[in-house]
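Some notes on the structure that comes next.
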Amino acid sequence: MTRETSVSAAAKPDDDEYLLLRGGRLFDGTGDDLVTDGAVLVEGQRIAAAGPEGDLDVPDDATVVDVGDRTLMPGIVDAHTHLTIFNSRVRGRFRLSDPKNSLPYNTIRAMESVASYIDKGVTTQREVGGRDFISASVRDAIEEGRIPGPRLLPSGPILTPTAGLDDKRPYFVEGNLANGWEVNGRQEVVKAVREQKKAGVSTIKVDASGAWTAFSDSKTPTMSEEEMAAAVEEAHKFGLRVAAHAQATEGIKNAARAGVDTIEHATYLDEEGLELILDNDIIVVPTLIPFEEFLDAGEGVEMNESQRQALKDDRAAQRESFVMAHENGVQLAVGSDAIPPMVPHGDTHREIRHFHRLGFSKSDALVAATKSSAEAVGLGDEIGTLEPDKSADIIAVEGNPLDDLDVLADSSNPTVVVKEGAVVKDERPA
């Protein structure tokens with residue numbers, strides 16, 4: 001049963017308003033040691049200071065939120081989400097063939113999903129592939145204070161070549177009614193980026209390889225280096241970032257040489273691909289959840305036997321690539337790639353747990369979900385750590401995640417959520 005969210009679309013505070021969050025522990029997201037008797041002083045929408053409470057100069061008129069024996073930490077940043085995928089059984093179907101795949105229904109579910117993210121402590125989320133620019137409208141509604149939700153960085157449909165990752169159009173159908181936007185050649189790519197800019201996106205998603213989808217698999221490169229380079233050049237003109245779905249070995253290399261900002265998955269990574277990623281300072285978002293959890297979901301995922309075997313192969317390769325990247329200094333960021341009902345939107349803590357299971361310390365896994373993910377989405381100077389002048393995105397969780405990451409999975413967590421200086425959730429006992 002889905003827990004009802006308890007967040008509100010609180011108004012942003014004025015610049016001269018002060019808020020003091022007083023806690024038992026403070027994890028600031030930089031990787032430094034935990035601070036006891038920690039506190040965060042917020043001025044308007046910004047952090048004024050963070051550290052031991054005794055070191056802070058707190059104005060007399062500051063509003064005090066005492067979170068007790070809880071841990072204050074930065075809001076979680078989920079760098080890989082899909083707001084308009086809410087059920088694996090309708091993923092990729094034609095909109096016209098299933099009433100629950102309609103644009104109005106998807107919009108309602110997307111509004112529900114963003115509320116789940118903020119309720120679970122995700123204060124920023126990046127979408128990397130969505131239907132018909134629904135998320136751009138949801139973003140606007142959040143920013144206007146009409147609905148609760150995190151800071152949302154929307155994308156449009158995935159730019160995919162014919163027979164690519166998100167081309168699910170039979171040859172005899174003229175329009176692609178799935179989650180992809182078909183492009184072939186530099187000219188079509190450039191036009192699509194411009195159209196998506198006009199529609200209000202923050203991120204352009206391209207596919208450098210297939211997956212266990214209709215016409216291409218995870219070992220097959222799809223978009224060419226030239227096409228992706230055109231997407232990057234045009235997107236960067238407009239200040240947009242480019243994320244590339246890249247599982248195939250050659251797809252990873254093509255994406256890295258094209259200069260994308262992030263590579264999603266990097267499943268079949270080899271030494272040359274590793275060097276290209278490092279040389280180009282590309283952040284990898286591995287999205288371990290679908291590889292680690294979907295095979296065990298039973299009826300929750302609609303796959304044939306060949307797709308199931310492909311996912312088994314992908315899982316083994318993904319683990320090896322993750323360890324290789326981590327041990328060689330690639331910056332890895334947290335993205336859930338959640339698809340309900342197996343993995344509900346907002347369950348980003350599951351990805352953090354997989355990072356730890358595959359070799360990250362608890363502290364480093366939390367840094368990956370805050371500081372590194374903030375840098376992956378292009379907001380490293382704005383969010384991700386509790387440091388002066390950054391946006392006041394702060395959560396207070398029961399327990400100490402540096403002792404046990406599973407406290408983040410507790411349905412009572414986080415108890416308090418602050419987004420841009422506004423308390424949008426407060427479930428402390430009266």
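Order determines the names: the first chain of the structure tokens is A, the second B, and so forth; residues in each chain are numbered 1 upward, and ligands are numbered 1 upward as they are shown.
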
Hey, what does DSSP flag as strand (DSSP E) within range 144-346 of chain A? Can you give it to me as a short mmCIF file (atom, residue, chain, number, x, y, z; two decimals) with N, CA and C atoms, in the first residue's frame?
data_model
loop_
_atom_site.label_atom_id
_atom_site.label_comp_id
_atom_site.auth_asym_id
_atom_site.auth_seq_id
_atom_site.Cartn_x
_atom_site.Cartn_y
_atom_site.Cartn_z
N ARG A 151 13.11 20.31 -6.69
CA ARG A 151 13.65 21.06 -7.82
C ARG A 151 13.73 20.07 -8.98
N LEU A 152 13.01 20.35 -10.04
CA LEU A 152 12.86 19.39 -11.14
C LEU A 152 13.56 19.90 -12.38
N LEU A 153 14.44 19.06 -12.92
CA LEU A 153 15.15 19.38 -14.16
C LEU A 153 14.58 18.48 -15.25
N ILE A 158 13.39 10.92 -25.46
CA ILE A 158 14.77 10.54 -25.76
C ILE A 158 15.01 10.67 -27.27
N LEU A 159 16.11 11.34 -27.63
CA LEU A 159 16.48 11.39 -29.04
C LEU A 159 17.06 10.05 -29.43
N THR A 160 16.39 9.38 -30.34
CA THR A 160 16.74 8.00 -30.69
C THR A 160 16.74 7.84 -32.20
N GLY A 180 10.16 7.97 -27.42
CA GLY A 180 11.32 8.43 -28.17
C GLY A 180 10.96 9.45 -29.22
N TRP A 181 11.98 10.20 -29.64
CA TRP A 181 11.86 11.18 -30.72
C TRP A 181 12.87 10.75 -31.78
N GLU A 182 12.38 10.23 -32.88
CA GLU A 182 13.27 9.67 -33.90
C GLU A 182 14.05 10.76 -34.63
N THR A 203 17.49 19.17 -19.85
CA THR A 203 18.40 18.09 -20.23
C THR A 203 17.97 17.49 -21.56
N ILE A 204 18.94 17.22 -22.40
CA ILE A 204 18.72 16.47 -23.64
C ILE A 204 19.20 15.05 -23.40
N LYS A 205 18.35 14.07 -23.67
CA LYS A 205 18.74 12.67 -23.52
C LYS A 205 18.91 12.06 -24.91
N VAL A 206 20.06 11.42 -25.12
CA VAL A 206 20.32 10.72 -26.37
C VAL A 206 20.59 9.26 -26.06
N ASP A 207 20.43 8.40 -27.07
CA ASP A 207 20.79 7.01 -26.82
C ASP A 207 21.97 6.61 -27.70
N ARG A 241 22.26 20.48 -20.73
CA ARG A 241 23.19 19.37 -20.55
C ARG A 241 22.69 18.15 -21.31
N VAL A 242 23.64 17.27 -21.62
CA VAL A 242 23.31 16.09 -22.42
C VAL A 242 23.67 14.83 -21.65
N ALA A 243 22.69 13.96 -21.50
CA ALA A 243 22.88 12.65 -20.88
C ALA A 243 22.73 11.59 -21.96
N ALA A 244 23.60 10.59 -21.93
CA ALA A 244 23.57 9.54 -22.95
C ALA A 244 23.33 8.18 -22.32
N HIS A 245 22.28 7.51 -22.76
CA HIS A 245 22.11 6.09 -22.43
C HIS A 245 23.17 5.34 -23.22
N ALA A 246 24.12 4.73 -22.52
CA ALA A 246 25.22 4.05 -23.20
C ALA A 246 25.58 2.78 -22.45
N THR A 262 26.97 13.45 -19.04
CA THR A 262 26.90 12.25 -18.21
C THR A 262 26.63 11.04 -19.10
N ILE A 263 27.17 9.92 -18.67
CA ILE A 263 26.86 8.64 -19.30
C ILE A 263 26.03 7.82 -18.33
N GLU A 264 24.89 7.37 -18.81
CA GLU A 264 23.98 6.58 -17.98
C GLU A 264 24.28 5.10 -18.21
N HIS A 265 24.51 4.38 -17.15
CA HIS A 265 24.71 2.92 -17.11
C HIS A 265 26.16 2.49 -17.35
N ILE A 283 30.84 12.31 -15.83
CA ILE A 283 30.28 11.63 -14.67
C ILE A 283 29.39 10.49 -15.14
N VAL A 284 29.51 9.35 -14.50
CA VAL A 284 28.71 8.17 -14.84
C VAL A 284 27.60 7.98 -13.81
N VAL A 285 26.40 7.74 -14.31
CA VAL A 285 25.25 7.44 -13.45
C VAL A 285 24.87 5.98 -13.72
#

For range 322-327 of chain A: contacts at 9 Å, only C-alpha atoms, fewer than 4 positions along chain excluded, given as a ChimeraX atom specification = /A:265-267,269-271,274,284,286,288,317-318,331-332,355,358-360

Keeping only N, CA and C atoms, write those residues as a PDB file, in the first residue's frame.
ATOM      1  N   HIS A 265      24.510   4.376 -17.151  1.00  0.00           N
ATOM      2  CA  HIS A 265      24.714   2.922 -17.110  1.00  0.00           C
ATOM      3  C   HIS A 265      26.163   2.487 -17.348  1.00  0.00           C
ATOM      4  N   ALA A 266      26.729   2.740 -18.541  1.00  0.00           N
ATOM      5  CA  ALA A 266      28.107   2.326 -18.860  1.00  0.00           C
ATOM      6  C   ALA A 266      28.312   0.841 -18.565  1.00  0.00           C
ATOM      7  N   THR A 267      27.429   0.016 -19.066  1.00  0.00           N
ATOM      8  CA  THR A 267      27.379  -1.396 -18.687  1.00  0.00           C
ATOM      9  C   THR A 267      28.583  -2.196 -19.169  1.00  0.00           C
ATOM     10  N   LEU A 269      31.713  -1.509 -20.107  1.00  0.00           N
ATOM     11  CA  LEU A 269      32.857  -0.599 -20.099  1.00  0.00           C
ATOM     12  C   LEU A 269      34.155  -1.373 -20.288  1.00  0.00           C
ATOM     13  N   ASP A 270      35.038  -0.867 -21.161  1.00  0.00           N
ATOM     14  CA  ASP A 270      36.360  -1.467 -21.295  1.00  0.00           C
ATOM     15  C   ASP A 270      37.425  -0.421 -20.965  1.00  0.00           C
ATOM     16  N   GLU A 271      38.693  -0.783 -21.077  1.00  0.00           N
ATOM     17  CA  GLU A 271      39.783   0.103 -20.680  1.00  0.00           C
ATOM     18  C   GLU A 271      39.802   1.384 -21.515  1.00  0.00           C
ATOM     19  N   LEU A 274      37.005   3.583 -20.401  1.00  0.00           N
ATOM     20  CA  LEU A 274      37.363   4.148 -19.100  1.00  0.00           C
ATOM     21  C   LEU A 274      38.260   5.368 -19.266  1.00  0.00           C
ATOM     22  N   VAL A 284      29.506   9.347 -14.500  1.00  0.00           N
ATOM     23  CA  VAL A 284      28.710   8.170 -14.843  1.00  0.00           C
ATOM     24  C   VAL A 284      27.603   7.976 -13.814  1.00  0.00           C
ATOM     25  N   PRO A 286      25.324   5.050 -12.886  1.00  0.00           N
ATOM     26  CA  PRO A 286      25.205   3.624 -13.236  1.00  0.00           C
ATOM     27  C   PRO A 286      23.798   3.045 -13.144  1.00  0.00           C
ATOM     28  N   LEU A 288      21.988   1.214 -10.730  1.00  0.00           N
ATOM     29  CA  LEU A 288      22.104  -0.208 -10.405  1.00  0.00           C
ATOM     30  C   LEU A 288      20.758  -0.882 -10.158  1.00  0.00           C
ATOM     31  N   ALA A 317      27.780  -7.731 -16.145  1.00  0.00           N
ATOM     32  CA  ALA A 317      28.683  -6.728 -16.717  1.00  0.00           C
ATOM     33  C   ALA A 317      28.606  -5.407 -15.962  1.00  0.00           C
ATOM     34  N   GLN A 318      27.389  -5.037 -15.529  1.00  0.00           N
ATOM     35  CA  GLN A 318      27.220  -3.769 -14.824  1.00  0.00           C
ATOM     36  C   GLN A 318      28.010  -3.765 -13.518  1.00  0.00           C
ATOM     37  N   GLN A 331      34.006   9.544 -11.403  1.00  0.00           N
ATOM     38  CA  GLN A 331      32.999  10.072 -10.493  1.00  0.00           C
ATOM     39  C   GLN A 331      31.650   9.426 -10.816  1.00  0.00           C
ATOM     40  N   LEU A 332      31.062   8.792  -9.813  1.00  0.00           N
ATOM     41  CA  LEU A 332      29.794   8.093  -9.979  1.00  0.00           C
ATOM     42  C   LEU A 332      28.708   8.808  -9.198  1.00  0.00           C
ATOM     43  N   PHE A 355      25.193   1.063  -4.034  1.00  0.00           N
ATOM     44  CA  PHE A 355      26.537   1.644  -4.097  1.00  0.00           C
ATOM     45  C   PHE A 355      27.394   1.080  -2.965  1.00  0.00           C
ATOM     46  N   LEU A 358      28.406  -2.612  -3.394  1.00  0.00           N
ATOM     47  CA  LEU A 358      29.414  -2.875  -4.412  1.00  0.00           C
ATOM     48  C   LEU A 358      30.723  -2.122  -4.160  1.00  0.00           C
ATOM     49  N   GLY A 359      30.937  -1.656  -2.931  1.00  0.00           N
ATOM     50  CA  GLY A 359      32.267  -1.175  -2.599  1.00  0.00           C
ATOM     51  C   GLY A 359      32.402   0.214  -2.037  1.00  0.00           C
ATOM     52  N   PHE A 360      31.371   1.031  -2.101  1.00  0.00           N
ATOM     53  CA  PHE A 360      31.448   2.366  -1.525  1.00  0.00           C
ATOM     54  C   PHE A 360      31.329   2.289  -0.005  1.00  0.00           C
TER      55      PHE A 360
END

Tell me which protein, DNA and RNA residues are within 12 Å of range 226-231 of chain A, counting only C-alpha atoms, leaving out same-chain ones fewer than 5 positions away, and put them as a VMD selection string.
-> chain A and resid 158 to 161 183 to 197 203 to 209 221 236 to 238 240 to 246 251 to 261

Sorted by chain and rising residue number, list the residues of range 88-155 of chain A at most 9 Å from range 373-381 of chain A (counting only C-alpha atoms), each with its closest atom pair and distance in Å to one decimal, as a tab-separated table.
residue	atom	partner	partner_atom	distance
A:Thr124	CA	A:Ala374	CA	8.3
A:Gln125	CA	A:Val377	CA	8.5
A:Arg126	CA	A:Val377	CA	6.7
A:Leu153	CA	A:Val377	CA	8.2

Within 8 Å of Val40 in chain A, counting only C-alpha atoms, which residues show up once you throw out same-chain ones fewer than 2 positions away? Write them as number ranges by chain, please.
-> A: 20-22, 38, 42, 47-51, 53, 386

Produce a file of the selected residues containing C-alpha atoms, as a PDB file, in the first residue's frame.
ATOM      1  CA  LEU A  20      17.885  27.424  12.610  1.00  0.00           C
ATOM      2  CA  LEU A  21      17.820  23.652  12.235  1.00  0.00           C
ATOM      3  CA  ARG A  22      19.260  22.157  15.396  1.00  0.00           C
ATOM      4  CA  GLY A  38      25.321  20.115  14.598  1.00  0.00           C
ATOM      5  CA  VAL A  42      19.417  29.451   6.964  1.00  0.00           C
ATOM      6  CA  ILE A  47      22.610  28.449   3.958  1.00  0.00           C
ATOM      7  CA  ALA A  48      24.360  31.060   6.102  1.00  0.00           C
ATOM      8  CA  ALA A  49      26.428  28.625   8.177  1.00  0.00           C
ATOM      9  CA  ALA A  50      26.631  24.962   9.173  1.00  0.00           C
ATOM     10  CA  GLY A  51      28.596  23.210  11.896  1.00  0.00           C
ATOM     11  CA  GLU A  53      25.732  24.969  16.988  1.00  0.00           C
ATOM     12  CA  LEU A 386      25.539  22.047   3.501  1.00  0.00           C
TER      13      LEU A 386
END

d(CA of Thr36 in chain A, CA of Asn400 in chain A) in Å =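 Value for the CA of Thr36 in chain A-CA of Asn400 in chain A distance: 11.3 Å.
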
Top pick for closest residue to Val330 in chain A, considering A:Glu174, A:Glu275, A:Glu233, A:Glu43 and counting only C-alpha atoms | A:Glu275

In range 9-111 of chain A, DSSP alpha helix (DSSP H) residues written as a compact mmCIF listing (two decimals) with C-alpha atoms, in the first residue's frame:
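Final file, states.txt:
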# COMPACT_ATOMS: atom_id res chain seq x y z
CA LEU A 103 -1.28 12.18 -21.67
CA PRO A 104 -3.81 13.32 -19.02
CA TYR A 105 -3.34 10.17 -16.95
CA ASN A 106 0.46 10.39 -17.25
CA THR A 107 0.32 14.00 -16.09
CA ILE A 108 -1.67 13.10 -13.00
CA ARG A 109 0.73 10.30 -12.15
CA ALA A 110 3.73 12.59 -12.69
CA MET A 111 2.29 15.07 -10.18

Smallest atom-to-atom distance to Ile118 in chain A: which of A:Ala79, A:Leu276, A:Ala369, A:Val7, using only C-alpha atoms?
->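 For Ile118 in chain A, the nearest of the candidates is A:Val7.
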
Computed interatomic separation between CA of Gly29 in chain A and CA of Ser363 in chain A (Å) |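 That distance, rounded to one decimal, is 8.4 Å.
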
Shell of 7 Å around range 130-138 of chain A, only C-alpha atoms, local chain residues under 6 positions omitted, as a list in words =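 That gives His82, Leu83, Thr84, Thr107, Met111, Pro154, Ser155, Gly156, Pro157, Asn179, Ala199, Gly200 and Val201 of chain A.
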
Convert the current residue selection to file output with N, CA and C atoms, as a PDB file, in the first residue's frame.
ATOM      1  N   HIS A  82      12.425   8.994 -14.438  1.00  0.00           N
ATOM      2  CA  HIS A  82      11.479   9.031 -15.562  1.00  0.00           C
ATOM      3  C   HIS A  82      10.086   9.231 -14.973  1.00  0.00           C
ATOM      4  N   LEU A  83       9.624  10.469 -14.968  1.00  0.00           N
ATOM      5  CA  LEU A  83       8.355  10.759 -14.307  1.00  0.00           C
ATOM      6  C   LEU A  83       7.153  10.158 -15.014  1.00  0.00           C
ATOM      7  N   THR A  84       7.272   9.921 -16.310  1.00  0.00           N
ATOM      8  CA  THR A  84       6.108   9.425 -17.046  1.00  0.00           C
ATOM      9  C   THR A  84       6.179   7.929 -17.304  1.00  0.00           C
ATOM     10  N   THR A 107       0.097  12.735 -16.794  1.00  0.00           N
ATOM     11  CA  THR A 107       0.323  14.000 -16.093  1.00  0.00           C
ATOM     12  C   THR A 107      -0.083  13.891 -14.633  1.00  0.00           C
ATOM     13  N   MET A 111       2.491  14.178 -11.328  1.00  0.00           N
ATOM     14  CA  MET A 111       2.285  15.069 -10.179  1.00  0.00           C
ATOM     15  C   MET A 111       2.340  14.281  -8.874  1.00  0.00           C
ATOM     16  N   PRO A 154      13.649  19.003 -16.052  1.00  0.00           N
ATOM     17  CA  PRO A 154      12.908  18.151 -16.984  1.00  0.00           C
ATOM     18  C   PRO A 154      13.664  17.889 -18.282  1.00  0.00           C
ATOM     19  N   SER A 155      13.298  16.797 -18.910  1.00  0.00           N
ATOM     20  CA  SER A 155      13.763  16.509 -20.271  1.00  0.00           C
ATOM     21  C   SER A 155      12.546  16.288 -21.145  1.00  0.00           C
ATOM     22  N   GLY A 156      12.797  16.058 -22.408  1.00  0.00           N
ATOM     23  CA  GLY A 156      11.738  15.665 -23.318  1.00  0.00           C
ATOM     24  C   GLY A 156      11.913  14.210 -23.690  1.00  0.00           C
ATOM     25  N   PRO A 157      11.286  13.769 -24.773  1.00  0.00           N
ATOM     26  CA  PRO A 157      11.488  12.399 -25.243  1.00  0.00           C
ATOM     27  C   PRO A 157      12.962  12.161 -25.588  1.00  0.00           C
ATOM     28  N   ASN A 179       8.116   6.712 -26.196  1.00  0.00           N
ATOM     29  CA  ASN A 179       8.807   7.715 -25.396  1.00  0.00           C
ATOM     30  C   ASN A 179      10.002   8.305 -26.130  1.00  0.00           C
ATOM     31  N   ALA A 199      10.579  23.912 -25.885  1.00  0.00           N
ATOM     32  CA  ALA A 199       9.569  23.319 -25.009  1.00  0.00           C
ATOM     33  C   ALA A 199       9.908  23.446 -23.526  1.00  0.00           C
ATOM     34  N   GLY A 200      11.132  23.905 -23.211  1.00  0.00           N
ATOM     35  CA  GLY A 200      11.446  24.202 -21.820  1.00  0.00           C
ATOM     36  C   GLY A 200      12.219  23.152 -21.055  1.00  0.00           C
ATOM     37  N   VAL A 201      12.977  22.291 -21.742  1.00  0.00           N
ATOM     38  CA  VAL A 201      13.710  21.243 -21.036  1.00  0.00           C
ATOM     39  C   VAL A 201      15.001  21.798 -20.435  1.00  0.00           C
TER      40      VAL A 201
END

Thr415 in chain A environment, 8 Å, only C-alpha atoms, sequence neighbours closer than 2 positions dropped, as a list in words | Ile395, Ala396, Val397, Glu398, Ser412, Asn413, Val417, Lys425, Asp426, Glu427 and Arg428 of chain A

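Note that the spacing between CA of Asn304 in chain A and CA of Arg353 in chain A amounts to 28.5 Å.
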
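Among the candidates A:Ile394, A:Ala214, A:Val58, A:Val122, the one nearest to Asp166 in chain A when counting only C-alpha atoms is A:Ala214.
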
Rank nothing, just name the residue among A:Asp119, A:Leu402, A:Ser8, A:Pro150 nearest to Glu420 in chain A, using only C-alpha atoms.
-> A:Pro150

Given only C-alpha atoms as the counted atoms, nearest of A:Ser102, A:Val77, A:Glu387, A:Pro429 to Val334 in chain A = A:Val77

Find, counting only C-alpha atoms, the residue in A:Thr71, A:Lys100, A:Arg319, A:Phe172 that gets nearest to Val407 in chain A.
-> A:Thr71
